[in-house]
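Notes follow the structure.
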Amino acid sequence: MSLVQKPCKVETQLAASLRIAAIAIIFLLVFLAGCNRSAQNGGELRITIKSDPKTFNPLMAEDDSSDIVRYLTGGVLIRVNRKTQENEPELASSWTIDEDGRRITFHLRPGVKFSDGSDFSAEDVVATIKSAIDPNLHSPKGDPLRSGGKTTVRAADKDTAIIEFEHPVAGLERLFDEIAISPASMAGKADSSLVLGPFAVSQQRAGEFVLLKRNTHYWKEDSAGHQLPYLEAVRLYVLSNRDTELIRFRQGDIQLIDKMTPDLYEQLHSEDASAARDLGPSVESEELWFNQVAKSPLPEFKKAWFRSRNFRRAVSMAINRDDLARVAFRGHATPSVGMLSPANKFWFDRNLKPPAHDPAGALELLKRDGFRKDGEALKDKSGNPIAFSLITNAGNKARERMGSLIQQDLQQVGITVNFVPLDFPSIAERMTKTYDYDACMLGLTNVDLDPDAQMNVWLSSADLHQWNPAQKSPATPWEAEIDKHMHAQESTLDRSQRKADFDKVQEIADDQQPMLYLVDKNALVAVSPKVKNADPVVLIPQTYWNIEYLSLQQ
Amino acid sequence: MNRARWIAAGLLAVVFLLALGANVLAPAPYAKQFRNDTDHPPSRQYPLGTDDLGRDRLSRLLYGMRISLLLAPAAALISTLLAAIIGGAGAYAGGAWDRSTKIMTDLFLSLPWLFLLLTVRALLPLEIPAMTSVIVTFALLGILGWAASARVVSAAVRGLRDSEFVLQARASGCPPSRLLLRHVLPNVKPILLAQFWISVPLFILTEANLGMLGLGVTEPLPSWGNLLRELENYAALTHSPWLWAPLASLVLVVSLFQFIVAGEEYAS
């Protein structure tokens with residue numbers, strides 16, 4: 001017995017120890033799992049918007065704040081990946097475009113549910129697209145779709161939606177990146193509370209914040225099979241003052257800042273270099289153009305200067321773009337190469353070279369048009385001293401610095417620049433109604449990377465053809481040439497052919513310089529070290545484009 | 001004059017002399033950009049450092065003071081004269097004239113002058129040189145800024161009009177012009193002078209406000225207004241204690257103090 005009992009006793013003690021160890025291991029695993037979960041889930045990310053969103057209807061979002069809410073709450077059929085700049089399947093697991101480019105068929109992802117648990121189907125797609133193209137709704141998101149002429153939308157079955165256009169639409173897929181699908185019952189009057197995106201609007205206090213809560217039925221999972229998004233909520237503080245935004249970031253009250261100004265970026269960088277990130281050239285550029293409107297009240301000799309290719313090229317050569325980037329933007333800008341920033345990976349024409357700063361070359365070029373130096377001043381062949389006013393919007397520090405730098409650069413070649421910052425409504429009045437200005441300097445943001453989005457600038461008939469808008473027929477042969485290539489790129493589905501046409505447009509613009517592209521602003525952001533998986537990019541939203549994967553360190 | 005006023009006047013004279021001597025005292029042209037020396041700390045070459053475009057701050061401060069200190073008194077003179085004419089004449093004439101000048105004064109006081117200035121600035125031809133634009137800006141300040149002074153002058157003239165010595169002069173057949181010039185005007189002169197002194201710092205501040213909005217004196221001309229814009233970068237104030245902006249604001253405050261003290265003392 002004892003011989004038997006003794007080992008039993010030992011065995012019992014061993015078993016007890018093993019049991020305790022097993023329980024301890026289980027507790028440890030549960031604890032670690034909990035730790036992991038707390039790193040993956042939970043937490044409220046806080047960012048800012050500049051004003052109260054004007055609408056929560058994703059089809060009507062036009063202002064920045066409404067568009068941010070749309071991006072964070074809306075489920076879309078196709079998403080433009082802000083990092084790779086390629087189209088990716090979202091609610092549509094795949095799609096096909098017919099050869100003639102007039103029909104797109106979406107094959108929807110099965111099992112997707114709205115945030116209230118109801119099923120998503122092709123009927124919701126049909127209802128949303130119909131609302132988007134409804135001329136009575138005037139949806140800014142539906143405008144590009146309406147360019148395809150008469151459009152019909154139908155559901156082939158529960159998981160298949162078909163859209164047919166009267167005319168082919170180039171770069172069609174990207175248009176669906178902005179159209180958030182709403183339940184069929186709410187299409188056209190959705191309020192972002194019942195959504196297919198990662199978050200849904202939960203609460204709003206006007207002038208204070210908008211609270212977005214996690215969509216517990218969101219369809220997307222991470223590679224480990226965990227449901228996304230990781231965050232419990234996103235709070236969008238309404239805050240227009242950018243200095244205050246930085247103060248609150250430093251206090252830990254907000255965790256991400258997009259599109260920082262160079263001055264604020266420098267402030268943050270001097271205090272916390274790891275939080276401030278310069279991502280390189282963005283798609284925002286600064287440009288200067290001369291007024292070439294025939295009916296403008298400018299004297300004829302000035303109109304002749306501004307229509308001269310050599311004059312425009314000479315001014316361009318006399319401007320030191322390196323100094324603009326280094327001094328006006330504190331080094332956080334890149335001299336522009338042309339009408340597109342290299343940040344636009346596919347469409348940027350890599351054959352173009354940045355214009356060299358060459359005051360002597362500029363004078364040579366001016367001589368060809370009869371300009372001559374008379375003492376320190378430059379005069380045209382009729383003896384008129386070369387002087388022009390340069391307007392810009394008051395209050396933009398970097399732009400005002402650029403104005404002063406350009407003023408001194410052009411003085412080197414004998415050109416007098418009268419730099420006049422004005423309030424923005426006055427500029428708009430002069431640009432669009434009276435045409436009473438010589439030259440203007442402003443910035444442009446290419447939100448959409450596709451050349452189709454540039455039609456409203458580069459077509460001679462376009463209202464935003466700043467140097468000479470809304471022409472009945474092209475005023476110059478080179479503008480006619482640009483029109484031809486812009487229409488050609490629009491009418492083919494062959495991406496390489498479109499690229500060739502758009503490259504040609506970029507080359508003509510580089511040769512004629514109707515717009516003097518000065519610098520591409522760098523994308524400057526602030527990311528708190530508490531934010532995990534942050535991977536900022538140059539396209540907006542720069543810091544939270546991958547919102548589903550962001551989490552907060554507890 | 002008491003001692004405080006002498007000291008104030010002396011300091012003011014020094015500031016004026018510094019401003020007037022900008023051509024001689026400034027180490028560099030106010031618009032010259034030393035682009036490789038932007039935001040340079042104070043040194044022998046740049047006694048107050050350089051700004052974000054590499055321009056010498058001391059030179060810009062001296063020239064900026066000159067513009068503000070010469071043009072603000074000119075604007076104050078315009079506004080005081082208008083106040084004397086409109087407020088004084090209306091009150092002296094009495095009746096409907098007095099009522100209509102009161103209404104006009106109230107109307108001018110209720111005008112959103114900042115927006116009005118912005119509008120007028122936007123309507124100006126773009127080709128006008130920077131200096132002309134500055135003169136126009138200060139002239140506008142003077143033309144628009146008479147109403148507050150007019151109210152004070154009007155109250156004083158109304159009191160004088162009904163005073164016994166004026167009634168006596170009128171009863172003894174004194175003609176209106178002589179009554180105005182010999183009896184009324186000498187008695188409102190201290191008030192007009194006080195209004196002048198008070199208006200000078202007001203116009204300097206108004207120009208500074210416009211400058212802060214980027215709409216006052218235009219580049220590359222310096223003025224206190226556009227020089228003070230560097231104060232917007234509050235972080236630079238802590239990182240760069242040598243930054244001249246506090247100094248400029250200090251000079252501004254000291255100058256205003258002198259103006260106001262001098263004016264108040266004179267009025268009392």
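In the structure tokens, each chain is lettered A, B, ... as it comes, each chain's residues begin at 1, and ligands are numbered from 1 in order of appearance.
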Inset, instruction - With a distance cut-off of 7 Å and only C-alpha atoms, select the neighbouring residues of range 89-97 of chain A, excluding the residue or stretch itself and same-chain residues fewer than 5 positions from it, and output the selection as a list in words. - result: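 In the requested form, the answer reads Gly75, Val76, Leu77, Ile78, Arg79, Arg103, Ile104, Thr105, Phe106, His107, Leu108 and Arg109 of chain A.
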Create the file for the chosen residues now, containing N, CA and C atoms and written as a compact mmCIF listing (two decimals), in the first residue's frame.
# COMPACT_ATOMS: atom_id res chain seq x y z
N GLY A 75 -19.41 53.44 -47.11
CA GLY A 75 -18.92 52.24 -47.78
C GLY A 75 -19.03 52.47 -49.28
N VAL A 76 -17.94 52.22 -50.00
CA VAL A 76 -17.95 52.49 -51.44
C VAL A 76 -17.71 51.19 -52.22
N LEU A 77 -18.06 51.21 -53.48
CA LEU A 77 -17.89 50.01 -54.31
C LEU A 77 -16.42 49.78 -54.62
N ILE A 78 -15.73 50.87 -54.94
CA ILE A 78 -14.31 50.79 -55.29
C ILE A 78 -13.59 51.88 -54.51
N ARG A 79 -12.44 51.56 -53.96
CA ARG A 79 -11.68 52.56 -53.22
C ARG A 79 -10.36 52.82 -53.93
N ARG A 103 -20.49 50.44 -70.14
CA ARG A 103 -21.20 49.66 -69.13
C ARG A 103 -20.21 49.11 -68.09
N ILE A 104 -20.59 49.28 -66.83
CA ILE A 104 -19.78 48.71 -65.75
C ILE A 104 -20.68 47.78 -64.94
N THR A 105 -20.18 46.59 -64.69
CA THR A 105 -20.95 45.60 -63.93
C THR A 105 -20.23 45.33 -62.62
N PHE A 106 -20.93 45.54 -61.53
CA PHE A 106 -20.35 45.31 -60.20
C PHE A 106 -20.83 43.98 -59.64
N HIS A 107 -19.89 43.17 -59.21
CA HIS A 107 -20.25 41.91 -58.52
C HIS A 107 -20.01 42.18 -57.04
N LEU A 108 -21.11 42.20 -56.30
CA LEU A 108 -21.04 42.67 -54.91
C LEU A 108 -20.53 41.59 -53.96
N ARG A 109 -19.90 42.05 -52.91
CA ARG A 109 -19.35 41.16 -51.89
C ARG A 109 -20.51 40.54 -51.11
Tell me, as a PDB file with N, CA and C atoms, in the first residue's frame, which residues lie within 7 Å of Thr151 in chain A, counting only C-alpha atoms; anything in the same chain fewer than 4 positions away does not count.
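Full text of around_20.pdb as output:
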ATOM      1  N   GLU A 164     -25.171  51.602 -67.075  1.00  0.00           N
ATOM      2  CA  GLU A 164     -24.891  51.825 -68.500  1.00  0.00           C
ATOM      3  C   GLU A 164     -24.945  53.317 -68.806  1.00  0.00           C
ATOM      4  N   PHE A 165     -23.946  53.774 -69.544  1.00  0.00           N
ATOM      5  CA  PHE A 165     -23.857  55.183 -69.914  1.00  0.00           C
ATOM      6  C   PHE A 165     -24.090  55.354 -71.409  1.00  0.00           C
ATOM      7  N   GLU A 166     -24.542  56.543 -71.743  1.00  0.00           N
ATOM      8  CA  GLU A 166     -24.754  56.850 -73.161  1.00  0.00           C
ATOM      9  C   GLU A 166     -23.411  56.974 -73.885  1.00  0.00           C
TER      10      GLU A 166
END
Legend entry - Residues of range 34-172 of chain B in alpha helix (DSSP H), written as a PyMOL selection string: chain B and resi 57-83+89-93+95-110+113-123+130-144+147-161+164-171
Legend entry - Given only C-alpha atoms as the counted atoms, nearest of B:Pro47, B:Gly87, B:Pro175, B:Gly54 to chain A: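 Of the candidates, the smallest distance to chain A is held by B:Gly54.
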Inset, instruction - For each of A:Leu246, A:Leu405, A:Ala534, A:Ala526, take the minimum atom-to-atom distance to Lys32 in chain B, counting only C-alpha atoms, then give the residue where this is smallest. - result: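 Ranking A:Leu246, A:Leu405, A:Ala534, A:Ala526 by distance to Lys32 in chain B, first place goes to A:Leu405.
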Legend entry - Counting only C-alpha atoms, the residue of B:Pro125, B:Ile204, B:Met65, B:Ser110 that sits nearest chain A: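 Of the candidates, the smallest distance to chain A is held by B:Pro125.
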Inset, instruction - To one decimal in Å, tell me the separation between CA of Val537 in chain A and CA of Leu231 in chain A. - result: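 That distance, rounded to one decimal, is 20.0 Å.
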